[in-house]
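Visitor: So that you have it, the file is structure_31.cif, and it contains mmCIF, C-alpha atoms:
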```
data_coords
#
loop_
_atom_site.label_atom_id
_atom_site.label_comp_id
_atom_site.auth_asym_id
_atom_site.auth_seq_id
_atom_site.Cartn_x
_atom_site.Cartn_y
_atom_site.Cartn_z
CA MET A 1 -12.94 13.21 42.59
CA GLU A 2 -10.36 13.61 45.35
CA GLN A 3 -7.76 11.19 43.98
CA MET A 4 -7.51 13.11 40.72
CA SER A 5 -6.03 16.11 42.53
CA GLN A 6 -2.91 14.05 43.18
CA LYS A 7 -1.64 13.76 39.61
CA VAL A 8 -3.82 13.99 36.53
CA LEU A 9 -2.05 12.55 33.47
CA GLU A 10 -4.66 13.16 30.77
CA ASN A 11 -8.32 14.01 30.17
CA TYR A 12 -10.27 13.36 26.98
CA GLY A 13 -13.96 12.77 26.31
CA ARG A 14 -15.40 10.81 29.25
CA VAL A 15 -11.96 9.57 30.28
CA SER A 16 -9.67 10.78 33.07
CA ILE A 17 -6.29 9.15 33.69
CA TYR A 18 -4.54 9.83 36.97
CA LEU A 19 -1.99 8.44 39.42
CA GLU A 20 -2.94 7.43 42.95
CA GLN A 21 -0.44 7.81 45.73
CA GLY A 22 1.30 4.54 46.58
CA HIS A 23 0.40 2.66 43.38
CA PRO A 24 2.57 2.55 40.23
CA SER A 25 -0.30 1.80 37.84
CA PRO A 26 -2.45 4.75 36.65
CA VAL A 27 -6.22 4.72 36.95
CA TYR A 28 -8.28 4.93 33.75
CA HIS A 29 -11.59 6.43 34.93
CA ILE A 30 -14.58 6.59 32.60
CA ASP A 31 -17.74 8.54 33.44
CA GLY A 32 -21.34 7.92 32.49
CA GLN A 33 -23.71 5.00 32.07
CA VAL A 34 -23.29 2.28 29.47
CA PRO A 35 -26.42 1.38 27.45
CA ALA A 36 -27.33 -2.29 27.02
CA ASN A 37 -25.09 -4.00 24.46
CA PRO A 38 -23.44 -7.42 23.84
CA TYR A 39 -20.13 -6.27 25.35
CA GLY A 40 -21.67 -4.91 28.57
CA SER A 41 -19.44 -2.57 30.59
CA LEU A 42 -16.50 -3.28 28.26
CA MET A 43 -18.14 -1.36 25.40
CA PRO A 44 -16.66 2.13 26.11
CA LEU A 45 -13.19 0.57 26.42
CA LEU A 46 -13.54 -1.19 23.09
CA GLU A 47 -14.55 2.14 21.52
CA ASP A 48 -11.43 4.00 22.73
CA ASP A 49 -8.78 3.99 19.97
CA ASN A 50 -6.17 5.05 22.55
CA LEU A 51 -6.28 1.58 24.06
CA GLU A 52 -4.23 -1.32 22.71
CA GLU A 53 -5.69 -4.04 24.89
CA VAL A 54 -8.62 -4.64 27.26
CA MET A 55 -8.14 -7.28 29.98
CA TYR A 56 -10.90 -8.76 32.16
CA ASN A 57 -9.59 -11.21 34.78
CA GLY A 58 -12.83 -12.18 36.56
CA GLY A 59 -15.00 -10.41 39.08
CA GLN A 60 -12.42 -10.23 41.88
CA GLN A 61 -10.33 -7.65 39.96
CA CYS A 62 -11.09 -4.41 38.17
CA VAL A 63 -10.82 -4.46 34.40
CA LYS A 64 -7.31 -3.50 33.18
CA VAL A 65 -6.33 -1.76 29.94
CA ALA A 66 -3.12 -1.20 28.01
CA HIS A 67 -3.10 2.48 27.02
CA ARG A 68 -0.98 3.55 24.06
CA GLU A 69 0.49 6.43 26.07
CA TRP A 70 0.29 5.37 29.73
CA GLY A 71 0.80 1.60 29.62
CA ILE A 72 -1.12 -0.80 31.87
CA CYS A 73 -3.89 1.03 33.76
CA ARG A 74 -6.51 -0.02 36.28
CA THR A 75 -10.05 1.05 35.46
CA ASN A 76 -13.06 1.94 37.57
CA ILE A 77 -14.98 -0.88 35.85
CA TRP A 78 -15.81 -4.03 37.85
CA ILE A 79 -17.73 -6.89 36.24
CA GLU A 80 -19.22 -9.71 38.29
CA ASP A 81 -18.55 -13.27 37.11
CA GLU A 82 -22.15 -13.83 35.97
CA GLU A 83 -22.11 -10.75 33.72
CA GLY A 84 -18.57 -11.57 32.58
CA LEU A 85 -19.63 -15.07 31.56
CA GLN A 86 -22.52 -13.67 29.51
CA ILE A 87 -20.22 -11.16 27.79
CA ALA A 88 -17.76 -13.99 27.04
CA LYS A 89 -20.56 -16.08 25.52
CA ASN A 90 -21.77 -13.13 23.43
CA ILE A 91 -18.24 -12.53 22.12
CA ALA A 92 -17.70 -16.27 21.51
CA ALA A 93 -20.88 -16.25 19.41
CA PHE A 94 -19.21 -13.77 17.04
CA THR A 95 -16.41 -16.32 16.57
CA ASN A 96 -18.86 -19.23 16.09
CA VAL A 97 -17.48 -21.00 19.18
CA PRO A 98 -19.89 -22.89 21.52
CA LEU A 99 -18.44 -21.60 24.79
CA GLY A 100 -19.29 -23.65 27.86
CA ASP A 101 -18.32 -26.51 30.16
CA GLY A 102 -20.12 -29.56 28.85
CA PRO A 103 -20.46 -32.00 25.93
CA GLY A 104 -19.92 -30.31 22.59
CA MET A 105 -18.75 -27.13 24.33
CA VAL A 106 -15.31 -25.54 24.72
CA PRO A 107 -14.05 -23.59 27.76
CA LEU A 108 -11.57 -21.45 25.80
CA PHE A 109 -11.61 -19.66 22.48
CA ASP A 110 -9.67 -17.36 20.17
CA GLY A 111 -11.16 -15.31 17.43
CA ARG A 112 -11.88 -11.99 15.84
CA LEU A 113 -14.64 -9.50 16.63
CA PRO A 114 -16.67 -7.91 13.82
CA ASP A 115 -14.46 -4.80 13.97
CA GLY A 116 -11.30 -6.90 13.54
CA SER A 117 -10.20 -6.91 17.20
CA ARG A 118 -8.49 -10.10 18.35
CA VAL A 119 -10.00 -11.80 21.38
CA SER A 120 -9.02 -14.70 23.66
CA GLY A 121 -11.32 -16.01 26.38
CA LEU A 122 -11.41 -18.60 29.16
CA ILE A 123 -14.13 -19.75 31.53
CA PRO A 124 -14.05 -22.02 34.60
CA PRO A 125 -12.72 -24.62 35.20
CA ILE A 126 -9.86 -23.58 32.90
CA SER A 127 -9.75 -20.21 34.67
CA PRO A 128 -10.58 -21.02 38.32
CA ASP A 129 -10.97 -17.35 39.34
CA GLY A 130 -13.82 -16.66 36.94
CA PRO A 131 -14.24 -15.89 33.23
CA THR A 132 -11.46 -13.96 31.51
CA LEU A 133 -11.27 -11.96 28.28
CA THR A 134 -8.29 -10.38 26.58
CA VAL A 135 -9.06 -8.16 23.59
CA ARG A 136 -6.23 -6.92 21.35
CA LYS A 137 -7.95 -3.92 19.81
CA PHE A 138 -8.09 -3.32 16.09
CA ARG A 139 -6.97 0.23 15.40
CA GLU A 140 -9.39 2.14 13.20
CA ASP A 141 -6.60 4.48 12.09
CA PRO A 142 -3.71 2.09 11.31
CA ILE A 143 -0.12 2.97 12.19
CA THR A 144 2.06 3.73 9.17
CA ILE A 145 5.77 3.96 8.49
CA ILE A 146 5.50 7.73 9.06
CA ASP A 147 4.36 7.05 12.64
CA LEU A 148 7.26 4.64 13.20
CA ILE A 149 9.73 7.34 12.08
CA GLU A 150 8.15 10.00 14.29
CA TRP A 151 8.12 7.62 17.27
CA ASN A 152 11.79 6.78 16.65
CA THR A 153 11.00 3.08 16.18
CA VAL A 154 13.02 3.44 12.98
CA THR A 155 15.08 6.27 11.51
CA SER A 156 14.06 7.88 8.24
CA ARG A 157 17.11 6.29 6.55
CA LEU A 158 16.25 2.83 7.84
CA ALA A 159 12.63 3.28 6.74
CA ALA A 160 13.87 4.22 3.26
CA MET A 161 16.21 1.22 3.27
CA MET A 162 13.30 -1.04 4.25
CA TRP A 163 11.31 0.40 1.36
CA ALA A 164 14.17 -0.45 -1.02
CA TRP A 165 14.40 -3.97 0.46
CA VAL A 166 10.66 -4.67 0.12
CA ASP A 167 10.53 -3.27 -3.42
CA GLY A 168 13.96 -4.70 -4.35
CA LEU A 169 14.19 -1.88 -6.93
CA ASP A 170 11.73 -4.01 -8.94
CA ALA A 171 14.48 -6.60 -9.40
CA LYS A 172 15.19 -8.57 -6.18
CA PRO A 173 12.70 -8.05 -3.32
CA ALA A 174 14.04 -9.23 0.04
CA ASN A 175 12.74 -12.20 2.01
CA PHE A 176 12.73 -11.48 5.71
CA ILE A 177 11.44 -12.32 9.19
CA ILE A 178 10.48 -9.77 11.86
CA SER A 179 11.28 -11.18 15.30
CA GLY A 180 10.47 -9.88 18.75
CA GLY A 181 8.77 -10.57 22.04
CA THR A 182 5.08 -10.25 22.88
CA GLY A 183 3.86 -6.66 22.48
CA SER A 184 7.04 -5.53 20.71
CA GLY A 185 5.10 -4.29 17.68
CA LYS A 186 6.00 -7.02 15.17
CA THR A 187 2.57 -7.06 13.50
CA THR A 188 2.50 -3.27 13.30
CA THR A 189 5.89 -3.16 11.56
CA LEU A 190 4.87 -6.06 9.31
CA ASN A 191 1.82 -4.03 8.35
CA CYS A 192 3.86 -0.90 7.66
CA LEU A 193 6.28 -2.78 5.41
CA GLY A 194 3.37 -4.40 3.58
CA MET A 195 2.43 -0.89 2.41
CA PHE A 196 5.57 -0.90 0.24
CA ILE A 197 4.39 -3.87 -1.85
CA PRO A 198 3.52 -2.64 -5.38
CA TRP A 199 -0.13 -2.82 -6.34
CA ASP A 200 0.64 -4.82 -9.47
CA LYS A 201 1.75 -7.73 -7.26
CA ARG A 202 -0.74 -10.33 -6.02
CA LEU A 203 -0.47 -10.30 -2.23
CA LEU A 204 -1.57 -13.24 -0.10
CA THR A 205 -1.58 -13.15 3.71
CA VAL A 206 -1.96 -16.06 6.13
CA GLU A 207 -2.78 -15.47 9.81
CA ASP A 208 -4.24 -17.35 12.77
CA THR A 209 -6.40 -14.29 13.43
CA ALA A 210 -6.58 -11.68 10.66
CA GLU A 211 -4.90 -8.58 12.09
CA LEU A 212 -3.05 -7.03 9.16
CA GLN A 213 -4.50 -3.74 7.91
CA LEU A 214 -3.20 -3.12 4.43
CA PHE A 215 -4.34 -0.76 1.71
CA HIS A 216 -3.61 -2.93 -1.31
CA ASP A 217 -5.21 -3.33 -4.72
CA HIS A 218 -4.79 -7.12 -5.09
CA TRP A 219 -4.95 -8.78 -1.67
CA LEU A 220 -6.25 -12.21 -0.66
CA ARG A 221 -6.49 -12.95 3.08
CA MET A 222 -6.47 -16.43 4.62
CA GLU A 223 -7.27 -17.26 8.25
CA THR A 224 -6.82 -20.54 10.11
CA ARG A 225 -9.61 -22.44 11.86
CA SER A 226 -9.40 -24.55 15.02
CA GLU A 227 -10.96 -27.98 15.31
CA ARG A 228 -14.49 -27.74 16.74
CA PRO A 229 -16.36 -29.99 19.15
CA ASP A 230 -18.83 -30.95 16.40
CA GLY A 231 -15.99 -32.58 14.44
CA THR A 232 -15.30 -29.67 12.07
CA ALA A 233 -11.69 -30.19 11.00
CA GLU A 234 -8.83 -27.86 11.82
CA VAL A 235 -7.32 -25.79 9.02
CA ASP A 236 -3.87 -24.78 10.23
CA MET A 237 -1.30 -22.28 9.04
CA ASN A 238 0.54 -24.86 6.95
CA ASP A 239 -2.69 -25.92 5.22
CA CYS A 240 -3.36 -22.30 4.28
CA LEU A 241 0.21 -21.65 3.19
CA ARG A 242 0.43 -24.78 1.02
CA SER A 243 -2.89 -23.84 -0.57
CA SER A 244 -1.71 -20.28 -1.14
CA LEU A 245 1.23 -21.48 -3.25
CA ARG A 246 -1.30 -22.78 -5.79
CA MET A 247 -2.92 -19.34 -6.09
CA ARG A 248 -0.09 -17.66 -7.98
CA PRO A 249 0.95 -15.20 -5.25
CA ASP A 250 3.70 -12.70 -6.00
CA ARG A 251 4.15 -11.89 -2.31
CA ILE A 252 3.29 -13.90 0.80
CA ILE A 253 3.02 -12.57 4.36
CA VAL A 254 2.66 -15.02 7.25
CA GLY A 255 1.34 -13.34 10.37
CA GLU A 256 2.95 -15.53 13.04
CA VAL A 257 5.30 -18.38 12.16
CA ARG A 258 5.14 -21.13 14.81
CA GLY A 259 5.37 -24.62 13.34
CA SER A 260 5.74 -26.64 10.15
CA GLU A 261 4.59 -23.68 8.05
CA ALA A 262 8.09 -22.22 8.59
CA ALA A 263 9.62 -24.86 6.30
CA THR A 264 6.83 -24.30 3.75
CA LEU A 265 7.51 -20.54 3.79
CA LEU A 266 11.26 -21.12 3.35
CA THR A 267 10.54 -23.52 0.49
CA ALA A 268 8.52 -20.76 -1.18
CA MET A 269 11.39 -18.30 -0.64
CA ASN A 270 13.84 -20.78 -2.15
CA THR A 271 11.70 -21.46 -5.20
CA GLY A 272 11.12 -17.97 -6.52
CA HIS A 273 8.59 -16.29 -4.21
CA ASP A 274 10.88 -13.35 -3.48
CA GLY A 275 9.54 -10.54 -1.33
CA SER A 276 7.84 -12.84 1.19
CA PHE A 277 8.00 -12.20 4.91
CA GLY A 278 6.55 -13.09 8.28
CA SER A 279 6.81 -12.57 12.03
CA LEU A 280 8.15 -14.83 14.76
CA HIS A 281 8.63 -14.82 18.55
CA ALA A 282 12.38 -14.48 19.24
CA ASN A 283 14.51 -11.82 20.92
CA THR A 284 17.64 -11.80 18.74
CA ALA A 285 18.62 -12.73 15.19
CA SER A 286 20.65 -15.68 16.51
CA GLU A 287 17.69 -16.89 18.56
CA THR A 288 15.51 -16.60 15.46
CA VAL A 289 17.81 -18.95 13.55
CA THR A 290 17.88 -21.40 16.47
CA ARG A 291 14.08 -21.41 16.77
CA MET A 292 13.53 -21.86 13.04
CA THR A 293 15.98 -24.75 12.72
CA SER A 294 14.70 -26.55 15.85
CA PRO A 295 11.40 -28.39 16.47
CA PRO A 296 8.56 -27.69 15.92
CA MET A 297 9.61 -25.52 12.94
CA SER A 298 12.50 -27.80 11.93
CA VAL A 299 13.66 -25.80 8.91
CA PRO A 300 16.72 -27.52 7.39
CA PRO A 301 19.63 -25.10 8.02
CA ILE A 302 20.62 -25.06 4.34
CA MET A 303 17.13 -23.72 3.47
CA MET A 304 17.73 -20.67 5.67
CA VAL A 305 19.87 -19.14 2.92
CA GLY A 306 16.58 -18.34 1.14
CA LEU A 307 16.00 -15.79 3.90
CA ASP A 308 17.77 -12.47 3.31
CA LEU A 309 17.13 -10.54 6.53
CA ILE A 310 16.10 -10.90 10.15
CA LEU A 311 14.72 -7.71 11.72
CA VAL A 312 14.47 -7.71 15.51
CA GLN A 313 12.00 -5.43 17.27
CA SER A 314 11.99 -4.89 21.04
CA ARG A 315 9.81 -3.27 23.67
CA LEU A 316 12.09 -1.23 25.92
CA HIS A 317 11.54 0.66 29.16
CA GLN A 318 12.77 4.21 28.70
CA GLY A 319 12.09 7.33 30.76
CA GLY A 320 9.26 5.71 32.67
CA LYS A 321 7.50 4.58 29.49
CA HIS A 322 7.61 1.58 27.19
CA VAL A 323 8.91 2.29 23.69
CA ARG A 324 9.27 0.05 20.66
CA ARG A 325 12.49 -0.01 18.66
CA ILE A 326 14.06 -1.98 15.82
CA THR A 327 17.17 -3.13 17.72
CA GLU A 328 18.97 -5.43 15.29
CA ILE A 329 19.02 -6.25 11.60
CA ALA A 330 21.12 -9.16 10.40
CA GLU A 331 21.61 -10.66 6.95
CA ILE A 332 21.95 -14.37 6.35
CA ALA A 333 25.18 -14.56 4.37
CA GLY A 334 25.67 -18.23 3.51
CA MET A 335 26.59 -21.11 5.78
CA GLU A 336 29.22 -21.48 8.47
CA GLY A 337 29.57 -25.22 8.85
CA ASP A 338 26.04 -26.51 9.40
CA ARG A 339 24.66 -23.19 10.69
CA PRO A 340 23.61 -20.05 8.76
CA ARG A 341 26.10 -17.20 9.12
CA LEU A 342 24.65 -13.92 10.39
CA ASN A 343 26.05 -10.55 9.35
CA PRO A 344 24.81 -7.69 11.60
CA VAL A 345 24.17 -4.75 9.25
CA TRP A 346 22.20 -2.46 11.63
CA LYS A 347 22.56 -2.25 15.42
CA TYR A 348 20.72 -0.29 18.12
CA ASP A 349 22.68 1.82 20.64
CA PRO A 350 20.67 2.27 23.87
CA ALA A 351 22.97 5.10 25.01
CA THR A 352 21.90 7.31 22.09
CA ASP A 353 18.52 5.61 21.44
CA THR A 354 19.37 5.25 17.75
CA ILE A 355 19.94 2.44 15.29
CA SER A 356 22.66 2.81 12.69
CA GLU A 357 24.58 0.83 10.10
CA THR A 358 27.46 -1.30 11.38
CA GLY A 359 29.60 -0.90 8.27
CA VAL A 360 29.52 -4.65 7.57
CA PRO A 361 29.29 -5.09 3.75
CA SER A 362 25.72 -5.90 2.72
CA LYS A 363 25.24 -9.07 0.69
CA LEU A 364 21.62 -8.12 0.03
CA ARG A 365 22.67 -4.79 -1.48
CA GLU A 366 25.06 -6.66 -3.77
CA MET A 367 22.27 -9.02 -4.89
CA ILE A 368 19.82 -6.16 -5.53
CA CYS A 369 22.45 -4.22 -7.47
CA ALA A 370 23.37 -7.29 -9.55
CA SER A 371 19.70 -8.04 -10.31
CA ALA A 372 18.90 -4.41 -11.17
CA GLY A 373 22.13 -3.87 -13.13
CA ILE A 374 23.22 -0.87 -11.08
CA ARG A 375 26.21 0.19 -8.98
CA PRO A 376 26.23 0.52 -5.18
CA ALA A 377 26.27 4.32 -5.62
CA ASP A 378 23.03 4.05 -7.61
CA PHE A 379 21.46 1.96 -4.84
CA GLU A 380 22.42 4.65 -2.34
CA ALA A 381 20.78 7.28 -4.57
CA HIS A 382 17.57 5.23 -4.62
CA VAL A 383 17.57 5.04 -0.80
CA ARG A 384 18.12 8.81 -0.48
CA GLN A 385 15.28 9.46 -2.93
CA ARG A 386 12.90 7.32 -0.89
CA GLU A 387 14.05 8.94 2.35
CA GLN A 388 13.29 12.37 0.95
CA ILE A 389 9.76 11.27 0.00
CA LEU A 390 9.17 10.04 3.56
CA LEU A 391 10.61 13.21 5.09
CA ASP A 392 8.39 15.29 2.81
CA LEU A 393 5.31 13.38 4.06
CA ILE A 394 6.37 14.12 7.64
CA ASP A 395 6.84 17.82 6.82
CA ARG A 396 3.37 17.95 5.27
CA GLY A 397 1.76 16.10 8.19
CA VAL A 398 0.60 13.23 5.96
CA ARG A 399 0.52 9.93 7.88
CA ASP A 400 -2.75 8.05 7.23
CA ILE A 401 -2.54 4.66 5.55
CA GLU A 402 -4.44 5.57 2.39
CA SER A 403 -2.45 8.74 1.65
CA VAL A 404 0.96 7.23 2.44
CA THR A 405 0.26 4.10 0.38
CA LYS A 406 -0.96 6.16 -2.57
CA VAL A 407 2.26 8.21 -2.51
CA VAL A 408 4.28 4.98 -2.57
CA GLN A 409 2.23 3.54 -5.43
CA SER A 410 2.41 6.81 -7.35
CA PHE A 411 6.20 6.64 -7.04
CA TYR A 412 6.14 3.15 -8.61
CA ALA A 413 3.83 4.29 -11.40
CA GLN A 414 6.11 7.21 -12.30
CA ARG A 415 9.18 4.97 -12.18
CA ASP A 416 7.59 2.31 -14.41
CA ASN A 417 6.42 4.93 -16.94
CA SER A 418 9.76 6.73 -17.15
#
```
Take the structure in this file and express it as structure tokens.
Guide:
Amino acid sequence: MEQMSQKVLENYGRVSIYLEQGHPSPVYHIDGQVPANPYGSLMPLLEDDNLEEVMYNGGQQCVKVAHREWGICRTNIWIEDEEGLQIAKNIAAFTNVPLGDGPGMVPLFDGRLPDGSRVSGLIPPISPDGPTLTVRKFREDPITIIDLIEWNTVTSRLAAMMWAWVDGLDAKPANFIISGGTGSGKTTTLNCLGMFIPWDKRLLTVEDTAELQLFHDHWLRMETRSERPDGTAEVDMNDCLRSSLRMRPDRIIVGEVRGSEAATLLTAMNTGHDGSFGSLHANTASETVTRMTSPPMSVPPIMMVGLDLILVQSRLHQGGKHVRRITEIAEIAGMEGDRPRLNPVWKYDPATDTISETGVPSKLREMICASAGIRPADFEAHVRQREQILLDLIDRGVRDIESVTKVVQSFYAQRDNS
């Protein structure tokens, strides 16, 4: 292939990734024939764990992919509208959606594939240029906190601090929200922090589309359902969350806070469900507060004091690549008039590409110390101990979700038995 001589970026299996002169987007080229299957020509893309997303925008464009290393790439796969419509209908069938343009049919759908991948689809007339599919791939080998440290998304000290916040030293687990823009890695970080929840706690998760990949001993998942053309009623996030509070959860994770469920989650945090957390679309801690206290979430500002932390994650362009970083961590430290007061305790410095403590006194640390009956110096010792465990896992090359989670749970077991 002549173009490949220009600049080959990577080769693996049947895949070649290269740059073409005069175009900023790499080409993802896959060789070989694709056997008949429900996903058609998309199948080899869905099987590649190096891809985060697969995007089909109708027959007039090549299929695009989001590669974990090389970002948005063009592919050598072209799918005519007729085949694309059939693939969309096959995928919609997995989500029990009657896709079509007629009575009792819907022209758009969201759902989950059998392997856990999240899919959104449109067909004409909603998408006038032909059928479209966007698949957010489910990673077979989930990202862990060890990966986040090695990728510099967090420092080892911040990861250890997060561990202490989630655990609360078995006395006062933190309530928090992870905020960020689309593709910033909120769900991934949420998943990593969920690994720190002790196995003796009943964990309940609520999501629009089940994406969390946890390795937990006592986990109940809930997933919303849209209203269907046949009259099947909608079950929304707030319905699930209100129901979950009657199931004796110790910890609650809400996958994407958007509406009235925000107030329900804050009510839970204010009435003893410590250690609950969720994700939300916002770019700063201040914007998070504004979004949560404004319609459609409409959380009464005074209820925001039940939230301990806001973690902000961002997708940044750095050295020609997109990287994900925790860029801000703020504590909610009481009220300032009729608005929650934010104390920035960690801040990202783009000049050094690091996040570090601001030196602002931590109210959360004080609460954990008071609940655990320890001094601030003891809290610091706990953080250092956890950091050393994480660094040891890095040194030993241990990063898979099962091994990392078992090390965390073993730490709790030894602590509880001592």
Visitor: Pick out the residues sitting within 9 Å of range 401-412 of chain A, and hand them over as a PyMOL selection string; count all atoms listed in the file, and ignore anything fewer than 2 positions along from it in its own chain.
Guide: chain A and resi 141-146+192+195-199+213-216+389-390+393+398-399+414-417
Visitor: I'd like to know which of A:Met297, A:Val166, A:Ala333, A:Leu158 is closest to Asp274 in chain A, using all atoms listed in the file.
Guide: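 Nearest candidate to Asp274 in chain A out of A:Met297, A:Val166, A:Ala333, A:Leu158: A:Val166.
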Visitor: Pick out the closest residue to Asn96 in chain A from this set: A:Gly111, A:Gly397, A:Pro301, A:Gly84. Count only C-alpha atoms.
Guide: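 Going through A:Gly111, A:Gly397, A:Pro301, A:Gly84 one by one, the smallest distance to Asn96 in chain A is for A:Gly111.
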Visitor: Would you compute, for all listed atoms of range 183-188 of chain A, the axis-aligned bounding box grown by 5 Å on each side, and then report its centre and edge lengths in Å rounded to one decimal, as JSON?
Guide:
```
{"center_x": 4.8, "center_y": -5.2, "center_z": 17.9, "size_x": 14.5, "size_y": 13.8, "size_z": 19.2}
```
Visitor: With all atoms listed in the file as the atoms that count, which of A:Arg157, A:Lys186, A:His322, A:Arg221 lies nearest to Glu357 in chain A?
Guide: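 Residue with the minimum atom-to-atom distance to Glu357 in chain A: A:Arg157.
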Visitor: In file coordinates, which residues lie within 12 Å of (-22.0, -4.2, 30.4) using all atoms listed in the file, given as a list in words?
Guide: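 The requested residues, written out, are Gln33, Val34, Pro35, Ala36, Asn37, Pro38, Tyr39, Gly40, Ser41, Leu42, Met43, Pro44, Leu45, Leu46, Val63, Ile77, Trp78, Ile79, Glu80, Asp81, Glu82, Glu83, Gly84, Leu85, Gln86, Ile87, Ala88 and Asn90 of chain A.
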Visitor: Can you pull out every residue within 9 Å of range 338-349 of chain A, counting only C-alpha atoms, but drop anything in the same chain fewer than 4 positions away, and send it as a PDB file with C-alpha atoms, keeping the file's coordinate frame?
Guide:
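What ended up in out_26.pdb:
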```pdb
ATOM      1  CA  LEU A 158      16.250   2.830   7.840  1.00  0.00           C
ATOM      2  CA  ALA A 285      18.620 -12.730  15.190  1.00  0.00           C
ATOM      3  CA  SER A 286      20.650 -15.680  16.510  1.00  0.00           C
ATOM      4  CA  VAL A 289      17.810 -18.950  13.550  1.00  0.00           C
ATOM      5  CA  PRO A 301      19.630 -25.100   8.020  1.00  0.00           C
ATOM      6  CA  ILE A 302      20.620 -25.060   4.340  1.00  0.00           C
ATOM      7  CA  MET A 304      17.730 -20.670   5.670  1.00  0.00           C
ATOM      8  CA  VAL A 305      19.870 -19.140   2.920  1.00  0.00           C
ATOM      9  CA  ARG A 325      12.490  -0.010  18.660  1.00  0.00           C
ATOM     10  CA  ILE A 326      14.060  -1.980  15.820  1.00  0.00           C
ATOM     11  CA  THR A 327      17.170  -3.130  17.720  1.00  0.00           C
ATOM     12  CA  GLU A 328      18.970  -5.430  15.290  1.00  0.00           C
ATOM     13  CA  ILE A 329      19.020  -6.250  11.600  1.00  0.00           C
ATOM     14  CA  ALA A 330      21.120  -9.160  10.400  1.00  0.00           C
ATOM     15  CA  GLU A 331      21.610 -10.660   6.950  1.00  0.00           C
ATOM     16  CA  ILE A 332      21.950 -14.370   6.350  1.00  0.00           C
ATOM     17  CA  ALA A 333      25.180 -14.560   4.370  1.00  0.00           C
ATOM     18  CA  GLY A 334      25.670 -18.230   3.510  1.00  0.00           C
ATOM     19  CA  ASP A 353      18.520   5.610  21.440  1.00  0.00           C
ATOM     20  CA  THR A 354      19.370   5.250  17.750  1.00  0.00           C
ATOM     21  CA  ILE A 355      19.940   2.440  15.290  1.00  0.00           C
ATOM     22  CA  SER A 356      22.660   2.810  12.690  1.00  0.00           C
ATOM     23  CA  GLU A 357      24.580   0.830  10.100  1.00  0.00           C
ATOM     24  CA  THR A 358      27.460  -1.300  11.380  1.00  0.00           C
ATOM     25  CA  GLY A 359      29.600  -0.900   8.270  1.00  0.00           C
ATOM     26  CA  VAL A 360      29.520  -4.650   7.570  1.00  0.00           C
ATOM     27  CA  PRO A 361      29.290  -5.090   3.750  1.00  0.00           C
ATOM     28  CA  SER A 362      25.720  -5.900   2.720  1.00  0.00           C
ATOM     29  CA  LYS A 363      25.240  -9.070   0.690  1.00  0.00           C
TER      30      LYS A 363
END
```
Visitor: Show me a table, sorted first by chain and then by increasing residue number, of the residues of range 48-122 of chain A having an atom at most 12 Å from range 222-226 of chain A, each with its shortest atom pair and the distance in Å to one decimal, counting all atoms listed in the file and written as a tab-separated table.
Guide:
```
residue	atom	partner	partner_atom	distance
A:Thr95	CA	A:Arg225	CA	10.3
A:Asn96	CA	A:Arg225	CA	10.7
A:Val97	CA	A:Ser226	CA	9.8
A:Val106	CA	A:Ser226	CA	11.4
A:Leu108	CA	A:Ser226	CA	11.4
A:Phe109	CA	A:Ser226	CA	9.2
A:Asp110	CA	A:Ser226	CA	8.8
A:Gly111	CA	A:Arg225	CA	9.2
A:Arg112	CA	A:Glu223	CA	10.3
```
Visitor: Between A:Cys240, A:Leu19, A:Ile149, A:Ala171, single out the one closest to Ile374 in chain A, counting only C-alpha atoms.
Guide: A:Ala171
Visitor: Apply the PyMOL selection byres ((chain A and resi 238) around 10) to the displayed file and report the matching residues as an NGL selection string.
Guide: :A and (206 or 224 or 235-237 or 239-244 or 257-265)
Visitor: For a test of reading the model, state the distance in Å between CA of Leu266 in chain A and CA of Val299 in chain A, rounded to one decimal.
Guide: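 Going from CA of Leu266 in chain A over to CA of Val299 in chain A, I get 7.7 Å.
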Visitor: Counting all atoms listed in the file, figure out which residue out of A:Ile30, A:Ala159, A:Met55, A:Ala92 gets nearest to Met105 in chain A.
Guide: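 Counting all atoms listed in the file, the residue closest to Met105 in chain A is A:Ala92.
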Visitor: Within 8 Å of range 248-254 of chain A, counting all atoms listed in the file, which residues qualify if same-chain residues fewer than 2 places away don't, as an MDAnalysis selection string?
Guide: chainID A and resid 201:207 244:246 256:257 273:279
Visitor: Fewer than 6 positions away in the same chain doesn't count, so skip those; otherwise give me all residues within 10 Å of Gln6 in chain A, counting only C-alpha atoms, as a list in words.
Guide: Tyr18, Leu19, Glu20 and Gln21 of chain A
Visitor: Any idea what the distance is between CA of Asp49 in chain A and CA of Val65 in chain A?
Guide: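 Rounded to one decimal, the two atoms are 11.8 Å apart.
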Visitor: For the PyMOL selection byres ((chain A and resi 172) around 10), applied here, can you spell out every residue it catches as an MDAnalysis selection string?
Guide: chainID A and resid 164:171 173:175 274:275 364:365 367:372
Visitor: Would you list the residues near (-5.4, -4.1, 23.9), meaning any protein, DNA or RNA residue with an atom at most 6 Å from that point in file coordinates, counting all atoms listed in the file, as a PyMOL selection string?
Guide: chain A and resi 51-54+66+135-137
